[in-house]
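As structure tokens, the structure follows; a few thoughts come after it.
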Amino acid sequence: MALLLRPLSPFPSHRLHCRVVHRKGPARAVAVVRKEEGASVVWFKHDLRIDDHPGIVAAVSQHRTVVPFYVFDPRILSGFSDEMLELLLFALEDLRRVLKEQGSDLLIGYGAAEKAVIELVKKVKATHIFAEEEVEYNVRRVVDSVHASLLDKSFSWGSPKLNIWKTPFYEIKDLKETPTSCVDFQKLQLPVTAPLASPVLPVLNTDLERGALPAYDYLKRYIVENTSQSNEIWSCLKKTSAKAILKQGQVNRTNVKTKFASGLEEVKKNYESSLILEKTQRRKSMSSLFVEGGNQVLGGTDAVLNALAAYLRYLEGTARYDWQELHQKLREAETRKGASFGVLFGPALRLGIISRRRVHHEALNYERERNGGFLSPFGYSALTVMAAVETVCSMEWYSLLALKSQICNKELYPIRIWRWNGYLIQYTAVGKKGPAVLLVHGFGAFLEHFRGNLSSMANNGHRVWALTLLGFGKSEKPNIPYTELLWAELLRDFIVDIVSEPVHLVGNSIGGYFVATVAGLWPVLAKSVVLLNTAGSVVPGYSSAQIITEAQQASGIMWLGSRLLLWYLRLRAGSILKEYYPTNSERVDDWLVNEILRASYDPGVPIVMESVVNFNLSVPLNYLVESFGGKVLIIQFSLIIQGIKDPLSKSRLRLSMFRENCSGATVRELDAGHCPHDKVPEEVNSILYDWVKTTESSNYAVERV
């Protein structure tokens, strides 16, 4: 879609030079020396601020004309939740206000960014485009498309240059040499860099049409209309939570299948109507820091900084209404120590309304205020300071891991990053044709645990996806409650957003339970299910799945138990793994042990362990299998003379329970340990090839009838 700019009267020109405006508190001032006559375009994406913005500082220092620009590209916005879209509009409104106060403005475009940016570059004869470096795979692809378009076009004034900038939290000279071990990284003792002051932009003296910001309902409709119909229909599946489905007591597979086959017209109609009726953009009151009914701080940089000041000073009390409101929201969101900061400020950080190092800077400044100008080596004096610092440092660490995994990848398969509910998830996709297969790892593992399966299956005519679940491997480990339903919804959204078609689900251990949950609650997402030594119970004669796991607040016992378990697992990682590989222990190599140990020291791991200690996989496997109603293959270890091959399960009893209570499933014994896909990958791959081929043929025959 071409650039669409709506008319708005331009501002007259009075200034051509700029100066640096300093905020209160120390910040790095940058010498501003204008060098070039050509215009520059600052392309905003997830950096909706001018405070601590290296890109805009560089543009102002090098160019007489600076054109701020935002594009509503459906490829970038399609992953935004309703709440994030609303916060985005508030942030853009405030950014435009701040720019207008300086005589500049924020130009608005719609459609594919490569077309919108190229058209703007031609109109202003830009020589440079400044854009922030991204970690998400789909956004990086958009940036690459813009770069390719710039190289493909010819411009009479020369080829415009795309300048990729970032806000360095640490002074890292070479990302390739940066350790992926958090322990080793901390040994470097890299200082956190200081935030940049806000520059004043030159007046935007141009006849260009500025464009208008859309209303919330218009933006929702625009995204839907510019998304493929299948994605639009599938997005409706994400509207109902796993808990809501379970509370209904059953899943009506036939009804869901019928609706899906006919295009889900009824669901689609209801969804489109909701664009207007369900929710219009809610306006906040002048004194409130939140949208009505929301618990996420909204507005521009100044509003977020005000909220941050209130958050940090929670212990001091206040007579201000807006601060009292934030303190109430803090108490509601503090389900575990420090969790409230991510709830309240996470969206503002992800939209770049405020930078991570600005938060770090303000938090430490407040800590110094409380301690006579000093920072104690024994910790922080306020839990709010600790929460703010630990959250932004954790976000920065996983952002570094995400970048390095993509840029410095040495694996046989590409690593990509998907942002789910604001968190960074690592995944891979291999194979160019054939049935879609999704591999899901077990507890403590990661996508690379399928090292013996990914390439082999791709080379044998399959398109294969594997992801590292939230809380494991190099995926982010936020301070949130973890439950089996949370992970099931993550997999549901991955299938909808990334795979975009029904898949053959393959899960090992607790990953098996998660894929069974996905198939049982959202049957249209799965072509078949393969459970490799799955976790979960079989309950004969169940009536319904009314027992739903609720995330519990952390207790002292949970805290202690999780730390002891983590200590034990770190101490005996190698020997425990060898128990899972009883007859092929050479597969427990240094790489596998070291990667598991590496992940165990990542920020947030103790919080994941607290949830694991309290795990209760309450929904029976046989309920999920029956609810799915499709083809299920259960691969379970077998007993041999020397003893049980899988140390985590009771072999014979479990096999018997599966056969008696999962009547629609195929149960197969395999002479392997708890992780057969890695212990005997060739044998498991052969089983999967035959299973997928047979299932595809059966499904095709049914469709023909």
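Chain identifiers are assigned as A, B, and so on, following the order in which chains appear in the structure tokens; residues are numbered from 1 within each chain, and ligands are numbered from 1 in order of appearance.
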
Tell me, as an mmCIF file with all heavy atoms, in the first residue's frame, which residues lie within 12 Å of Asn421 (chain A), counting only C-alpha atoms; anything in the same chain fewer than 5 positions away does not count.
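Output file around_15.cif is given in full below:
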```
data_model
loop_
_atom_site.group_PDB
_atom_site.id
_atom_site.type_symbol
_atom_site.label_atom_id
_atom_site.label_comp_id
_atom_site.auth_asym_id
_atom_site.auth_seq_id
_atom_site.Cartn_x
_atom_site.Cartn_y
_atom_site.Cartn_z
ATOM 1 N N GLY A 79 0.949 -8.151 15.583
ATOM 2 C CA GLY A 79 1.207 -8.863 16.827
ATOM 3 C C GLY A 79 0.853 -8.083 18.075
ATOM 4 O O GLY A 79 0.998 -8.599 19.188
ATOM 5 N N PHE A 80 0.369 -6.856 17.916
ATOM 6 C CA PHE A 80 0.022 -6.025 19.070
ATOM 7 C C PHE A 80 -1.323 -6.460 19.644
ATOM 8 O O PHE A 80 -2.278 -6.712 18.915
ATOM 9 C CB PHE A 80 -0.071 -4.554 18.664
ATOM 10 C CG PHE A 80 1.256 -3.844 18.589
ATOM 11 C CD1 PHE A 80 2.381 -4.497 18.121
ATOM 12 C CD2 PHE A 80 1.375 -2.522 18.974
ATOM 13 C CE1 PHE A 80 3.599 -3.851 18.043
ATOM 14 C CE2 PHE A 80 2.588 -1.856 18.905
ATOM 15 C CZ PHE A 80 3.706 -2.521 18.432
ATOM 16 N N SER A 81 -1.399 -6.522 20.965
ATOM 17 C CA SER A 81 -2.675 -6.754 21.629
ATOM 18 C C SER A 81 -3.520 -5.488 21.563
ATOM 19 O O SER A 81 -3.041 -4.405 21.196
ATOM 20 C CB SER A 81 -2.442 -7.145 23.091
ATOM 21 O OG SER A 81 -1.871 -6.048 23.801
ATOM 22 N N ASP A 82 -4.790 -5.606 21.921
ATOM 23 C CA ASP A 82 -5.668 -4.430 21.946
ATOM 24 C C ASP A 82 -5.107 -3.359 22.870
ATOM 25 O O ASP A 82 -5.140 -2.166 22.561
ATOM 26 C CB ASP A 82 -7.072 -4.829 22.410
ATOM 27 C CG ASP A 82 -7.772 -5.729 21.402
ATOM 28 O OD1 ASP A 82 -7.236 -5.905 20.294
ATOM 29 O OD2 ASP A 82 -8.854 -6.249 21.731
ATOM 30 N N GLU A 83 -4.600 -3.790 24.025
ATOM 31 C CA GLU A 83 -4.064 -2.842 25.000
ATOM 32 C C GLU A 83 -2.833 -2.131 24.442
ATOM 33 O O GLU A 83 -2.660 -0.920 24.632
ATOM 34 C CB GLU A 83 -3.717 -3.553 26.311
ATOM 35 C CG GLU A 83 -4.914 -4.046 27.104
ATOM 36 C CD GLU A 83 -5.572 -5.273 26.491
ATOM 37 O OE1 GLU A 83 -4.924 -5.947 25.638
ATOM 38 O OE2 GLU A 83 -6.726 -5.566 26.843
ATOM 39 N N MET A 84 -1.966 -2.891 23.757
ATOM 40 C CA MET A 84 -0.757 -2.273 23.212
ATOM 41 C C MET A 84 -1.101 -1.282 22.106
ATOM 42 O O MET A 84 -0.450 -0.236 21.976
ATOM 43 C CB MET A 84 0.181 -3.355 22.686
ATOM 44 C CG MET A 84 0.920 -4.112 23.772
ATOM 45 S SD MET A 84 2.089 -3.073 24.701
ATOM 46 C CE MET A 84 3.415 -2.912 23.509
ATOM 47 N N GLY A 342 7.164 -4.812 36.060
ATOM 48 C CA GLY A 342 6.943 -5.287 34.698
ATOM 49 C C GLY A 342 5.514 -5.097 34.243
ATOM 50 O O GLY A 342 5.257 -4.784 33.078
ATOM 51 N N VAL A 343 4.559 -5.299 35.156
ATOM 52 C CA VAL A 343 3.150 -5.128 34.811
ATOM 53 C C VAL A 343 2.858 -3.676 34.459
ATOM 54 O O VAL A 343 2.215 -3.376 33.442
ATOM 55 C CB VAL A 343 2.253 -5.587 35.969
ATOM 56 C CG1 VAL A 343 0.788 -5.253 35.689
ATOM 57 C CG2 VAL A 343 2.413 -7.081 36.219
ATOM 58 N N GLY A 346 6.157 -2.409 31.734
ATOM 59 C CA GLY A 346 6.621 -3.243 30.633
ATOM 60 C C GLY A 346 6.203 -2.735 29.267
ATOM 61 O O GLY A 346 7.041 -2.601 28.358
ATOM 62 N N PRO A 347 4.916 -2.431 29.038
ATOM 63 C CA PRO A 347 4.504 -1.937 27.718
ATOM 64 C C PRO A 347 5.191 -0.638 27.312
ATOM 65 O O PRO A 347 5.560 -0.472 26.141
ATOM 66 C CB PRO A 347 2.994 -1.731 27.898
ATOM 67 C CG PRO A 347 2.609 -2.699 28.964
ATOM 68 C CD PRO A 347 3.757 -2.702 29.920
ATOM 69 N N ARG A 350 8.600 -1.506 26.106
ATOM 70 C CA ARG A 350 8.615 -2.210 24.817
ATOM 71 C C ARG A 350 8.270 -1.280 23.659
ATOM 72 O O ARG A 350 8.724 -1.500 22.540
ATOM 73 C CB ARG A 350 7.651 -3.395 24.865
ATOM 74 C CG ARG A 350 8.113 -4.468 25.848
ATOM 75 C CD ARG A 350 7.113 -5.575 26.032
ATOM 76 N NE ARG A 350 7.432 -6.347 27.230
ATOM 77 C CZ ARG A 350 6.652 -6.459 28.300
ATOM 78 N NH1 ARG A 350 5.475 -5.857 28.308
ATOM 79 N NH2 ARG A 350 7.026 -7.161 29.335
ATOM 80 N N LEU A 470 8.852 -19.993 26.933
ATOM 81 C CA LEU A 470 9.080 -18.923 27.893
ATOM 82 C C LEU A 470 9.568 -19.527 29.211
ATOM 83 O O LEU A 470 9.007 -20.488 29.722
ATOM 84 C CB LEU A 470 7.766 -18.163 28.129
ATOM 85 C CG LEU A 470 7.842 -16.895 28.980
ATOM 86 C CD1 LEU A 470 8.492 -15.771 28.190
ATOM 87 C CD2 LEU A 470 6.443 -16.478 29.430
ATOM 88 N N GLU A 476 13.100 -15.478 27.074
ATOM 89 C CA GLU A 476 13.022 -14.596 28.243
ATOM 90 C C GLU A 476 12.384 -15.312 29.430
ATOM 91 O O GLU A 476 11.569 -16.228 29.266
ATOM 92 C CB GLU A 476 12.225 -13.341 27.867
ATOM 93 C CG GLU A 476 12.437 -12.176 28.806
ATOM 94 C CD GLU A 476 11.997 -10.849 28.220
ATOM 95 O OE1 GLU A 476 11.709 -10.793 27.001
ATOM 96 O OE2 GLU A 476 11.948 -9.867 28.974
ATOM 97 N N PRO A 478 10.592 -13.797 32.441
ATOM 98 C CA PRO A 478 10.070 -12.644 33.192
ATOM 99 C C PRO A 478 9.560 -13.036 34.571
ATOM 100 O O PRO A 478 9.350 -14.219 34.873
ATOM 101 C CB PRO A 478 8.922 -12.152 32.306
ATOM 102 C CG PRO A 478 8.460 -13.384 31.587
ATOM 103 C CD PRO A 478 9.700 -14.198 31.343
ATOM 104 N N ILE A 480 6.798 -13.456 36.298
ATOM 105 C CA ILE A 480 5.355 -13.679 36.180
ATOM 106 C C ILE A 480 5.027 -15.061 36.721
ATOM 107 O O ILE A 480 5.910 -15.910 36.854
ATOM 108 C CB ILE A 480 4.876 -13.574 34.712
ATOM 109 C CG1 ILE A 480 5.563 -14.655 33.856
ATOM 110 C CG2 ILE A 480 5.123 -12.189 34.146
ATOM 111 C CD1 ILE A 480 5.036 -14.761 32.449
ATOM 112 N N LEU A 486 -0.629 -21.197 30.764
ATOM 113 C CA LEU A 486 0.145 -20.115 30.156
ATOM 114 C C LEU A 486 0.959 -20.647 28.993
ATOM 115 O O LEU A 486 0.965 -20.076 27.890
ATOM 116 C CB LEU A 486 1.067 -19.481 31.197
ATOM 117 C CG LEU A 486 2.055 -18.439 30.658
ATOM 118 C CD1 LEU A 486 1.389 -17.073 30.591
ATOM 119 C CD2 LEU A 486 3.301 -18.358 31.530
ATOM 120 N N TRP A 487 1.658 -21.761 29.199
ATOM 121 C CA TRP A 487 2.480 -22.334 28.127
ATOM 122 C C TRP A 487 1.616 -22.861 26.984
ATOM 123 O O TRP A 487 2.009 -22.776 25.822
ATOM 124 C CB TRP A 487 3.368 -23.434 28.696
ATOM 125 C CG TRP A 487 4.613 -22.909 29.352
ATOM 126 C CD1 TRP A 487 5.569 -22.111 28.777
ATOM 127 C CD2 TRP A 487 5.053 -23.135 30.691
ATOM 128 N NE1 TRP A 487 6.578 -21.834 29.676
ATOM 129 C CE2 TRP A 487 6.289 -22.454 30.863
ATOM 130 C CE3 TRP A 487 4.552 -23.859 31.768
ATOM 131 C CZ2 TRP A 487 7.008 -22.475 32.054
ATOM 132 C CZ3 TRP A 487 5.272 -23.874 32.959
ATOM 133 C CH2 TRP A 487 6.474 -23.188 33.098
ATOM 134 N N GLU A 489 -1.234 -21.567 25.998
ATOM 135 C CA GLU A 489 -1.658 -20.396 25.235
ATOM 136 C C GLU A 489 -0.513 -19.833 24.404
ATOM 137 O O GLU A 489 -0.730 -19.316 23.305
ATOM 138 C CB GLU A 489 -2.228 -19.344 26.184
ATOM 139 C CG GLU A 489 -3.575 -19.752 26.784
ATOM 140 C CD GLU A 489 -4.117 -18.753 27.779
ATOM 141 O OE1 GLU A 489 -3.378 -17.795 28.126
ATOM 142 O OE2 GLU A 489 -5.268 -18.916 28.225
ATOM 143 N N LEU A 490 0.711 -19.941 24.910
ATOM 144 C CA LEU A 490 1.872 -19.529 24.120
ATOM 145 C C LEU A 490 1.949 -20.365 22.841
ATOM 146 O O LEU A 490 2.140 -19.826 21.740
ATOM 147 C CB LEU A 490 3.147 -19.692 24.944
ATOM 148 C CG LEU A 490 4.478 -19.281 24.295
ATOM 149 C CD1 LEU A 490 5.470 -18.835 25.367
ATOM 150 C CD2 LEU A 490 5.111 -20.397 23.492
ATOM 151 N N ASP A 493 -0.797 -19.422 20.355
ATOM 152 C CA ASP A 493 -0.513 -18.180 19.650
ATOM 153 C C ASP A 493 0.627 -18.350 18.649
ATOM 154 O O ASP A 493 0.643 -17.694 17.599
ATOM 155 C CB ASP A 493 -0.178 -17.075 20.653
ATOM 156 C CG ASP A 493 -1.364 -16.714 21.537
ATOM 157 O OD1 ASP A 493 -2.471 -17.210 21.274
ATOM 158 O OD2 ASP A 493 -1.177 -15.955 22.506
ATOM 159 N N PHE A 494 1.590 -19.211 18.969
ATOM 160 C CA PHE A 494 2.683 -19.469 18.031
ATOM 161 C C PHE A 494 2.141 -20.107 16.754
ATOM 162 O O PHE A 494 2.538 -19.724 15.642
ATOM 163 C CB PHE A 494 3.725 -20.381 18.677
ATOM 164 C CG PHE A 494 4.938 -20.627 17.820
ATOM 165 C CD1 PHE A 494 5.987 -19.725 17.804
ATOM 166 C CD2 PHE A 494 5.023 -21.759 17.017
ATOM 167 C CE1 PHE A 494 7.105 -19.943 17.001
ATOM 168 C CE2 PHE A 494 6.130 -21.992 16.215
ATOM 169 C CZ PHE A 494 7.180 -21.076 16.211
#
```

With only C-alpha atoms as the counted atoms, please give the residues lying no more than 9 Å from Arg419 (chain A), apart from itself and same-chain residues fewer than 6 positions off, as a count of residues only. 5

Quick one: residues within 12 Å of Arg659 (chain A), only C-alpha atoms, excluding same-chain residues fewer than 4 positions away - as a list of chain:residue names? A:Val538, A:Pro540, A:Asn622, A:Val632, A:Leu633, A:Ile634, A:Ile635, A:Gln636, A:Arg652, A:Leu653, A:Arg654, A:Leu655, A:Ser663, A:Gly664, A:Ala665, A:Thr666, A:Val667, A:Arg668, A:Glu669

Counting only C-alpha atoms, which residue out of A:Asn453, A:Thr65, A:Asn205, A:Asn409 sits closest to Ile687 (chain A)?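 Counting only C-alpha atoms, the residue closest to Ile687 (chain A) is A:Asn453.
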
Set the distance at 12 Å and use only C-alpha atoms: which residues neighbour Leu326 (chain A) once local chain neighbours fewer than 2 positions away are removed? I'd like the list as number ranges by chain. A: 287-291, 294-298, 303-304, 306-314, 317-318, 320-324, 328-333, 340-341, 343-345

Taking only region 539-625 of chain A into account, list the residues labelled alpha helix (DSSP H) by DSSP (computed from the backbone), as a VMD selection string. chain A and resid 556 to 571 573 to 580 590 to 600 605 to 613 621 to 625

Write out as number ranges by chain each polymer residue whose atoms come within 9 Å of region 507-523 of chain A, counting only C-alpha atoms; drop sequence neighbours fewer than 6 positions from it. A: 237, 242, 245-246, 250-251, 253, 256-257, 438-443, 484-485, 487-489, 491-492, 529-536, 617, 619, 621, 623-630, 674-677

For CA of Tyr423 (chain A) and CA of Leu190 (chain A), quote the distance in Å rounded to one decimal.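 Separating CA of Tyr423 (chain A) from CA of Leu190 (chain A) is a distance of 24.3 Å.
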
For CA of Val71 (chain A) and CA of Val117 (chain A), determine how far apart the two atoms are, in Å to one decimal place.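 About the pair CA of Val71 (chain A) and CA of Val117 (chain A): they are 8.2 Å apart.
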
Which of region 433-614 of chain A counts as strand (DSSP E) under DSSP, as a CSV table (one decimal) with N, CA, C and O atoms, in the first residue's frame please?
```csv
chain,number,residue,atom,x,y,z
A,436,ALA,N,3.4,-29.5,8.0
A,436,ALA,CA,3.9,-28.6,9.1
A,436,ALA,C,4.0,-29.4,10.4
A,436,ALA,O,3.0,-30.1,10.8
A,437,VAL,N,5.1,-29.4,11.1
A,437,VAL,CA,5.4,-30.1,12.3
A,437,VAL,C,5.9,-29.1,13.3
A,437,VAL,O,6.8,-28.3,13.0
A,438,LEU,N,5.4,-29.2,14.5
A,438,LEU,CA,5.9,-28.3,15.6
A,438,LEU,C,6.5,-29.2,16.7
A,438,LEU,O,5.8,-30.1,17.3
A,439,LEU,N,7.7,-29.0,17.1
A,439,LEU,CA,8.4,-29.8,18.1
A,439,LEU,C,8.5,-28.9,19.4
A,439,LEU,O,8.9,-27.8,19.4
A,440,VAL,N,8.1,-29.5,20.5
A,440,VAL,CA,8.1,-28.8,21.8
A,440,VAL,C,8.9,-29.6,22.8
A,440,VAL,O,8.6,-30.8,23.1
A,463,ARG,N,8.1,-29.3,6.8
A,463,ARG,CA,8.4,-28.0,7.3
A,463,ARG,C,8.3,-28.1,8.8
A,463,ARG,O,7.2,-28.4,9.4
A,464,VAL,N,9.4,-27.8,9.5
A,464,VAL,CA,9.5,-28.0,10.9
A,464,VAL,C,9.8,-26.7,11.7
A,464,VAL,O,10.6,-26.0,11.3
A,465,TRP,N,9.0,-26.6,12.7
A,465,TRP,CA,9.2,-25.5,13.7
A,465,TRP,C,9.5,-26.1,15.0
A,465,TRP,O,9.0,-27.1,15.4
A,466,ALA,N,10.4,-25.4,15.8
A,466,ALA,CA,10.7,-25.7,17.2
A,466,ALA,C,10.9,-24.4,17.9
A,466,ALA,O,11.5,-23.5,17.3
A,467,LEU,N,10.5,-24.3,19.1
A,467,LEU,CA,10.7,-23.1,19.9
A,467,LEU,C,11.2,-23.4,21.3
A,467,LEU,O,11.0,-24.5,21.8
A,503,VAL,N,-1.0,-28.0,12.5
A,503,VAL,CA,0.3,-28.6,12.6
A,503,VAL,C,0.2,-30.0,13.2
A,503,VAL,O,-0.8,-30.3,13.9
A,504,HIS,N,1.2,-30.8,13.0
A,504,HIS,CA,1.4,-32.1,13.7
A,504,HIS,C,2.2,-31.7,15.0
A,504,HIS,O,3.4,-31.2,14.8
A,505,LEU,N,1.6,-31.9,16.1
A,505,LEU,CA,2.2,-31.5,17.4
A,505,LEU,C,3.0,-32.6,18.0
A,505,LEU,O,2.5,-33.7,18.1
A,506,VAL,N,4.3,-32.4,18.3
A,506,VAL,CA,5.2,-33.4,18.9
A,506,VAL,C,5.8,-32.8,20.2
A,506,VAL,O,6.4,-31.7,20.1
A,507,GLY,N,5.5,-33.4,21.3
A,507,GLY,CA,6.0,-32.9,22.6
A,507,GLY,C,6.7,-34.0,23.4
A,507,GLY,O,6.2,-35.1,23.5
A,508,ASN,N,7.7,-33.6,24.1
A,508,ASN,CA,8.4,-34.5,25.0
A,508,ASN,C,8.2,-34.1,26.4
A,508,ASN,O,8.3,-32.9,26.8
A,526,ALA,N,-4.5,-28.6,15.5
A,526,ALA,CA,-3.7,-29.7,15.4
A,526,ALA,C,-4.2,-30.7,14.3
A,526,ALA,O,-5.4,-31.1,14.3
A,527,LYS,N,-3.3,-31.2,13.5
A,527,LYS,CA,-3.6,-32.3,12.6
A,527,LYS,C,-3.4,-33.6,13.3
A,527,LYS,O,-4.2,-34.6,13.0
A,528,SER,N,-2.5,-33.7,14.2
A,528,SER,CA,-2.3,-34.9,15.0
A,528,SER,C,-1.4,-34.6,16.2
A,528,SER,O,-0.8,-33.5,16.2
A,529,VAL,N,-1.3,-35.5,17.1
A,529,VAL,CA,-0.5,-35.2,18.3
A,529,VAL,C,0.4,-36.4,18.6
A,529,VAL,O,0.0,-37.6,18.5
A,530,VAL,N,1.7,-36.2,18.8
A,530,VAL,CA,2.6,-37.2,19.2
A,530,VAL,C,3.2,-36.9,20.6
A,530,VAL,O,3.8,-35.8,20.8
A,531,LEU,N,3.0,-37.8,21.5
A,531,LEU,CA,3.5,-37.6,22.9
A,531,LEU,C,4.6,-38.5,23.2
A,531,LEU,O,4.5,-39.7,23.2
A,532,LEU,N,5.8,-37.9,23.4
A,532,LEU,CA,7.0,-38.7,23.7
A,532,LEU,C,7.3,-38.7,25.2
A,532,LEU,O,7.7,-37.7,25.8
```
